[in-house]
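*Asks:* Here it is, the structure, as structure tokens.
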Amino acid sequence: MIRNLYDHLNKQFGYDMFRIGQEEVITSVMEGKHTLAVLPTGTGKSLCYQLPGYLLKGIVIIVSPLLSLMQDQVEQLKINGEKRVTALNSFLDPRERNQIIQNLQNYRFIYTSPEMLTNNGVLQKLKQIDISLFVVDEAHCISQWGPDFRPDYLNLRTIRSELNNPTTLALTATATEDVRADIIEHLNLYDVNQLVYSVDRPNIALVVEEAANYSDKVKKLLQFVKQLQKPGIIYFSSKRLTEEMAALLRNNGIAQSAAYHGGMDREQRILIQQQFLHNQLQVICATSAFGMGVNKENIHFVIHFHMPYQLDSYLQEIGRAGRDGKKSIAILLYSPGDEFLPLQIFENELPSDYQIEQFYLLNNNSSDKASLLNLTEIQLRFLTYYQNKYDKSEVEKHVKRIRDMRIQYKQNKLNEMIKWVKSTTCRREGILHYFQEQKVNNVTDCCDVCGVDIINYQTAFQDTIRSQNENWRLMLKNLLIRGDEE
DNA sequence: CGAAACTCCTCTATAGGAGTTTCGGTGCGATAGT
């Protein structure tokens with residue numbers, strides 16, 4: 001069997017060796033064990049189900065959180081010569097979609113979303129085919145998004161049971177013990193084989209830099225971005241700021257900068273991401289919308305202008321740096337008061353007592369209720385999702401309880417984040433402690449507490465000269481081309 | 001919470017100050033209407 005694995009690794013994917021954890025995960029699912037794998041960012045998680053896909057006789061279903069992620073993976077497999085692969089989602093027009101649903105048994109890999117699986121027609125069809133492996137990619141989304149933002153993630157438990165409990169593989173790069181427990185609970189994975197590898201990325205230095213106020217923060221940001229070895233990502237928690245700062249950077253000599261956030265057109269988002277991947281952009285100013293599925297080797301810094309709402313997200317976001325193994329740096333800018341914005345968001349995103357009471361009292365249709373009670377899309381979905389989970393007489397009580405628990409949960413997560421930002425002990429140890437790990441790697445440029453030599457991360461003098469030359473060449477070329485056109 | 005956007009007001013001004021309200025991340029799928 002082991003021999004067989006290596007043969008296929010070589011034949012199908014052209015590799016001679018497995019990366020950390022891959023062989024263990026593959027062996028586990030090949031033995032038919034439900035498996036929860038936490039593999040560090042950038043270790044090639046997709047191979048863990050793609051290779052078994054060639055050895056098992058049935059079909060592999062992959063539940064993925066993003067359409068773009070599905071499209072990428074499908075394309076990748078097609079480039080590798082796989083024809084029996086598809087993404088069943090809303091990109092398809094209704095005719096195509098029906099065609100695929102009618103012919104599901106002919107595929108080897110089917111990518112899809114939790115929302116699509118909730119569609120009864122799709123589920124009925126899936127029940128008729130032989131599924132050898134049910135994969136939940138980016139499985140932390142179950143815990144992070146399921147309870148409010150995308151409740152269909154919580155349906156996966158029922159869907160798995162409807163599909164007769166197929167062998168299941170949950171994959172993620174970050175999961176604390178609680179998140180793992182959440183994943184197991186929501187997928188109903190009794191008897192699960194947990195393969196958990198260290199989340200530590202020793203080549204990423206961790207720095208928290210305190211700024212006195214907003215304008216000081218902007219000043220520091222500019223300074224860092226000018227000096228640091230690019231490409232890099234800057235995270236903000238406001239869409240407006242991503243655009244303002246991208247413009248500010250461009251006006252300050254960092255020409256290849258662009259914004260990216262969820263409010264932009266799909267085409268625009270794809271374009272920016274592609275330009276970044278192909279080194280036509282050096283700096284991306286983004287909200288948390290940017291990053292999942294961004295497999296770029298040479299990202300050398302990740303700066304947080306605002307802190308994320310939990311350490312789990314922080315680790316996901318900085319984990320996009322240094323995949324080439326080179327020294328990279330993560331800098332979090334903090335100024336007093338930064339923590340109030342997320343707290344306020346948590347308190348307002350879910351429905352109020354009044355909204356809950358009225359929603360279950362009124363007999364209007366749901367869109368009328370939404371406008372009457374001034375409900376946001378998320379509030380409406382939250383109220384609707386739990387409506388059928390409880391008896392009418394008790395629903396109000398339970399929904400209030402779930403809301404309070406959810407707010408509390410998010411506040412606790414945020415508090416852990418704040419505690420880490422304000423701590424005066426080793427940052428790496430702090431993060432590893434949060435993930436129930438011990439620090440084992442002896443890191444030279446570890447964190448701002450242990451000491452980091454920022455010069456190691458700055459653009460080398462030679463690089464500056466080279467890129468200036470390139471810029472000149474580019475400018476000349478543009479001038480010449482423009483001259484031709486006119 | 002704190003910043004920005006909006007509304008209202010002024011000795012009827014087309015500017016600007018005061019007061020008030022809104023907004024702040026994440027995305028699937030279906031639908032309405034070009």
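If you're wondering about the labels, chains in the structure tokens are A, B, ... by order shown, residues count from 1 in each chain, ligands from 1 in order shown.
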Can you list, as an MDAnalysis selection string, every protein, DNA or RNA residue that comes within 12 Å of DT7 of chain B when you count only C-alpha atoms (C1' of nucleotides), leaving out same-chain residues fewer than 4 positions away?

*Replies:* chainID B and resid 18:21

*Asks:* Within 8 Å of chain B, which residues belong to chain A? Use only C-alpha atoms (C1' of nucleotides) and report them as a list in words.

*Replies:*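 That gives Leu66, Ser90, Ser113, Glu115, Met116, Phe149, Arg150, Ser237, Ser238, Thr287, Ser288, Ala289, Phe340, Leu341, Gln344 and Ile345 of chain A for chain A.
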
*Asks:* For the residues in the current selection, export all heavy atoms as a compact mmCIF listing (two decimals), in the first residue's frame.

*Replies:*
```txt
# COMPACT_ATOMS: atom_id res chain seq x y z
N LEU A 66 -15.45 28.87 -0.83
CA LEU A 66 -15.46 29.95 -1.82
C LEU A 66 -15.53 29.41 -3.24
O LEU A 66 -14.87 28.44 -3.58
CB LEU A 66 -14.18 30.79 -1.72
CG LEU A 66 -13.86 31.47 -0.41
CD1 LEU A 66 -12.57 32.27 -0.55
CD2 LEU A 66 -15.00 32.37 0.02
N SER A 90 -23.15 28.13 -8.26
CA SER A 90 -23.99 29.10 -8.97
C SER A 90 -23.30 29.76 -10.16
O SER A 90 -23.90 30.59 -10.83
CB SER A 90 -24.48 30.18 -8.00
OG SER A 90 -23.38 30.87 -7.47
N SER A 113 -20.60 23.72 -2.56
CA SER A 113 -20.73 24.58 -1.37
C SER A 113 -21.72 23.96 -0.39
O SER A 113 -22.57 23.16 -0.79
CB SER A 113 -21.24 25.94 -1.80
OG SER A 113 -22.56 25.81 -2.31
N GLU A 115 -24.20 25.44 0.82
CA GLU A 115 -25.52 25.92 0.42
C GLU A 115 -26.10 25.02 -0.67
O GLU A 115 -27.29 24.71 -0.67
CB GLU A 115 -25.43 27.37 -0.09
CG GLU A 115 -25.20 28.42 1.00
CD GLU A 115 -23.75 28.54 1.43
OE1 GLU A 115 -22.88 27.86 0.83
OE2 GLU A 115 -23.46 29.30 2.38
N MET A 116 -25.26 24.62 -1.61
CA MET A 116 -25.72 23.77 -2.69
C MET A 116 -26.14 22.39 -2.17
O MET A 116 -27.11 21.80 -2.64
CB MET A 116 -24.60 23.65 -3.74
CG MET A 116 -25.00 23.06 -5.08
SD MET A 116 -26.40 23.89 -5.86
CE MET A 116 -25.60 25.20 -6.76
N PHE A 149 -23.03 33.53 10.22
CA PHE A 149 -22.81 34.09 8.89
C PHE A 149 -23.28 33.15 7.77
O PHE A 149 -23.95 33.58 6.83
CB PHE A 149 -21.33 34.43 8.73
CG PHE A 149 -21.00 35.11 7.45
CD1 PHE A 149 -21.70 36.23 7.05
CD2 PHE A 149 -19.96 34.65 6.66
CE1 PHE A 149 -21.39 36.88 5.87
CE2 PHE A 149 -19.64 35.29 5.48
CZ PHE A 149 -20.35 36.40 5.09
N ARG A 150 -22.92 31.89 7.86
CA ARG A 150 -23.36 30.93 6.83
C ARG A 150 -23.89 29.66 7.49
O ARG A 150 -23.22 28.63 7.51
CB ARG A 150 -22.20 30.61 5.88
CG ARG A 150 -21.88 31.78 4.96
CD ARG A 150 -20.69 31.49 4.10
NE ARG A 150 -20.95 30.47 3.09
CZ ARG A 150 -20.04 30.08 2.21
NH1 ARG A 150 -18.84 30.62 2.21
NH2 ARG A 150 -20.32 29.15 1.33
N SER A 237 -9.60 46.57 8.68
CA SER A 237 -10.96 46.08 8.90
C SER A 237 -11.99 47.04 8.38
O SER A 237 -13.11 47.09 8.87
CB SER A 237 -11.20 45.68 10.36
OG SER A 237 -10.79 46.68 11.22
N SER A 238 -11.64 47.82 7.38
CA SER A 238 -12.65 48.65 6.71
C SER A 238 -12.35 48.71 5.22
O SER A 238 -11.20 48.87 4.80
CB SER A 238 -12.65 50.05 7.34
OG SER A 238 -12.64 51.05 6.36
N THR A 287 -9.19 43.74 3.03
CA THR A 287 -9.92 43.29 4.22
C THR A 287 -9.69 41.78 4.33
O THR A 287 -8.99 41.20 3.49
CB THR A 287 -11.43 43.54 4.07
OG1 THR A 287 -11.88 42.80 2.93
CG2 THR A 287 -11.75 45.01 3.91
N SER A 288 -10.34 41.18 5.29
CA SER A 288 -10.14 39.74 5.48
C SER A 288 -10.68 38.92 4.32
O SER A 288 -10.49 37.70 4.29
CB SER A 288 -10.78 39.29 6.78
OG SER A 288 -12.16 39.59 6.76
N ALA A 289 -11.34 39.59 3.36
CA ALA A 289 -11.82 38.86 2.18
C ALA A 289 -10.67 38.28 1.37
O ALA A 289 -10.85 37.32 0.63
CB ALA A 289 -12.65 39.79 1.30
N PHE A 340 -12.37 48.62 20.29
CA PHE A 340 -13.78 48.97 20.46
C PHE A 340 -14.62 48.69 19.22
O PHE A 340 -15.78 48.34 19.31
CB PHE A 340 -13.93 50.42 20.90
CG PHE A 340 -13.39 50.64 22.28
CD1 PHE A 340 -12.30 51.46 22.51
CD2 PHE A 340 -13.96 49.98 23.36
CE1 PHE A 340 -11.79 51.62 23.79
CE2 PHE A 340 -13.47 50.15 24.64
CZ PHE A 340 -12.37 50.97 24.86
N LEU A 341 -14.02 48.87 18.05
CA LEU A 341 -14.77 48.64 16.82
C LEU A 341 -15.31 47.22 16.73
O LEU A 341 -16.52 47.03 16.59
CB LEU A 341 -13.91 48.98 15.61
CG LEU A 341 -14.48 48.56 14.25
CD1 LEU A 341 -15.75 49.32 13.95
CD2 LEU A 341 -13.46 48.77 13.15
N GLN A 344 -18.17 46.55 19.09
CA GLN A 344 -19.40 47.17 18.67
C GLN A 344 -20.07 46.36 17.56
O GLN A 344 -21.28 46.17 17.56
CB GLN A 344 -19.08 48.59 18.18
CG GLN A 344 -20.17 49.57 18.40
CD GLN A 344 -20.66 49.57 19.83
OE1 GLN A 344 -19.88 49.40 20.77
NE2 GLN A 344 -21.94 49.75 20.01
N ILE A 345 -19.24 45.85 16.65
CA ILE A 345 -19.78 45.05 15.56
C ILE A 345 -20.47 43.80 16.11
O ILE A 345 -21.59 43.47 15.73
CB ILE A 345 -18.68 44.66 14.56
CG1 ILE A 345 -18.26 45.91 13.78
CG2 ILE A 345 -19.15 43.58 13.60
CD1 ILE A 345 -17.15 45.66 12.78
```

*Asks:* List the spatial neighbours of Leu47 of chain A as a compact mmCIF listing (two decimals) with N, CA and C atoms, in the first residue's frame - criterion: any atom at most 12 Å away, only C-alpha atoms (C1' of nucleotides), same-chain residues fewer than 5 positions off excluded.

*Replies:*
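In the end it all went to out06.txt:
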```txt
# COMPACT_ATOMS: atom_id res chain seq x y z
N LEU A 5 1.14 4.19 -2.82
CA LEU A 5 0.98 5.64 -2.59
C LEU A 5 2.08 6.42 -3.32
N HIS A 8 1.70 6.45 -7.07
CA HIS A 8 0.68 7.40 -7.53
C HIS A 8 1.12 8.85 -7.35
N LEU A 9 1.84 9.09 -6.26
CA LEU A 9 2.34 10.44 -6.00
C LEU A 9 3.19 10.86 -7.20
N GLN A 12 0.76 10.59 -10.78
CA GLN A 12 -0.31 11.57 -10.94
C GLN A 12 0.16 13.01 -10.72
N PHE A 13 1.09 13.17 -9.78
CA PHE A 13 1.41 14.55 -9.37
C PHE A 13 2.87 14.93 -9.61
N GLY A 14 3.69 13.95 -9.96
CA GLY A 14 5.08 14.24 -10.28
C GLY A 14 5.98 14.57 -9.10
N TYR A 15 5.57 14.18 -7.88
CA TYR A 15 6.43 14.41 -6.71
C TYR A 15 7.10 13.10 -6.29
N MET A 17 8.36 12.93 -2.96
CA MET A 17 8.23 12.84 -1.51
C MET A 17 6.96 13.52 -1.04
N PHE A 18 6.47 13.04 0.10
CA PHE A 18 5.34 13.73 0.72
C PHE A 18 5.85 14.88 1.57
N ARG A 19 5.01 15.89 1.75
CA ARG A 19 5.34 16.94 2.72
C ARG A 19 4.79 16.52 4.07
N ILE A 20 5.12 17.30 5.07
CA ILE A 20 4.77 16.94 6.44
C ILE A 20 3.27 16.64 6.58
N GLY A 21 2.98 15.47 7.12
CA GLY A 21 1.60 15.10 7.43
C GLY A 21 0.82 14.44 6.30
N GLN A 22 1.21 14.72 5.06
CA GLN A 22 0.40 14.24 3.92
C GLN A 22 0.23 12.72 3.92
N GLU A 23 1.33 12.01 4.14
CA GLU A 23 1.27 10.56 4.05
C GLU A 23 0.36 9.98 5.15
N GLU A 24 0.48 10.55 6.34
CA GLU A 24 -0.32 10.08 7.47
C GLU A 24 -1.80 10.30 7.19
N VAL A 25 -2.14 11.49 6.67
CA VAL A 25 -3.54 11.82 6.41
C VAL A 25 -4.09 10.88 5.33
N ILE A 26 -3.30 10.70 4.27
CA ILE A 26 -3.76 9.86 3.16
C ILE A 26 -3.95 8.41 3.63
N LEU A 39 -3.02 20.87 9.26
CA LEU A 39 -1.70 20.95 8.64
C LEU A 39 -1.32 22.40 8.47
N GLY A 42 0.22 26.20 3.81
CA GLY A 42 1.18 26.00 2.72
C GLY A 42 1.80 24.63 2.66
N PRO A 52 -5.98 10.12 -2.81
CA PRO A 52 -6.96 9.04 -2.56
C PRO A 52 -8.03 8.95 -3.65
N GLY A 53 -8.38 10.09 -4.26
CA GLY A 53 -9.37 10.09 -5.32
C GLY A 53 -9.01 9.13 -6.46
N TYR A 54 -7.70 8.93 -6.66
CA TYR A 54 -7.27 8.04 -7.72
C TYR A 54 -7.19 6.58 -7.29
N GLN A 73 -9.13 25.05 -7.95
CA GLN A 73 -8.79 23.65 -7.77
C GLN A 73 -9.19 22.83 -8.99
N GLN A 76 -6.69 23.50 -11.66
CA GLN A 76 -5.43 22.83 -11.34
C GLN A 76 -5.49 21.35 -11.71
N LEU A 77 -6.59 20.71 -11.34
CA LEU A 77 -6.74 19.29 -11.65
C LEU A 77 -6.81 19.07 -13.16
N VAL A 135 -15.08 15.42 1.79
CA VAL A 135 -14.03 16.31 2.30
C VAL A 135 -14.62 17.67 2.67
N ASP A 137 -13.10 21.16 3.17
CA ASP A 137 -11.89 21.97 3.07
C ASP A 137 -12.08 23.24 3.89
N LEU A 171 -10.26 19.31 6.76
CA LEU A 171 -8.92 19.88 6.62
C LEU A 171 -8.88 21.34 7.02
```

*Asks:* Within segment 243-433 of chain A, find each residue whose DSSP state, derived from the backbone, is alpha helix (DSSP H), and express the selection as a ChimeraX atom specification.

*Replies:* /A:243-251,266-277,311-318,340-349,353-361,366-372,377-387,395-422,427-433

*Asks:* Using only C-alpha atoms (C1' of nucleotides), determine which residues lie at most 10 Å from segment 96-103 of chain A, disregarding the query and same-chain residues fewer than 6 positions distant; provide the list as a list in words.

*Replies:* Thr86, Ala87, Leu88, Asn89, Ser90, Ile110, Gly121, Val122, Leu123, Lys125, Leu126 and Ile129 of chain A

*Asks:* Excluding same-chain residues fewer than 4 positions from Leu195 of chain A, what lies within 7 Å of it counting only C-alpha atoms (C1' of nucleotides), as a VMD selection string?

*Replies:* chain A and resid 36 to 38
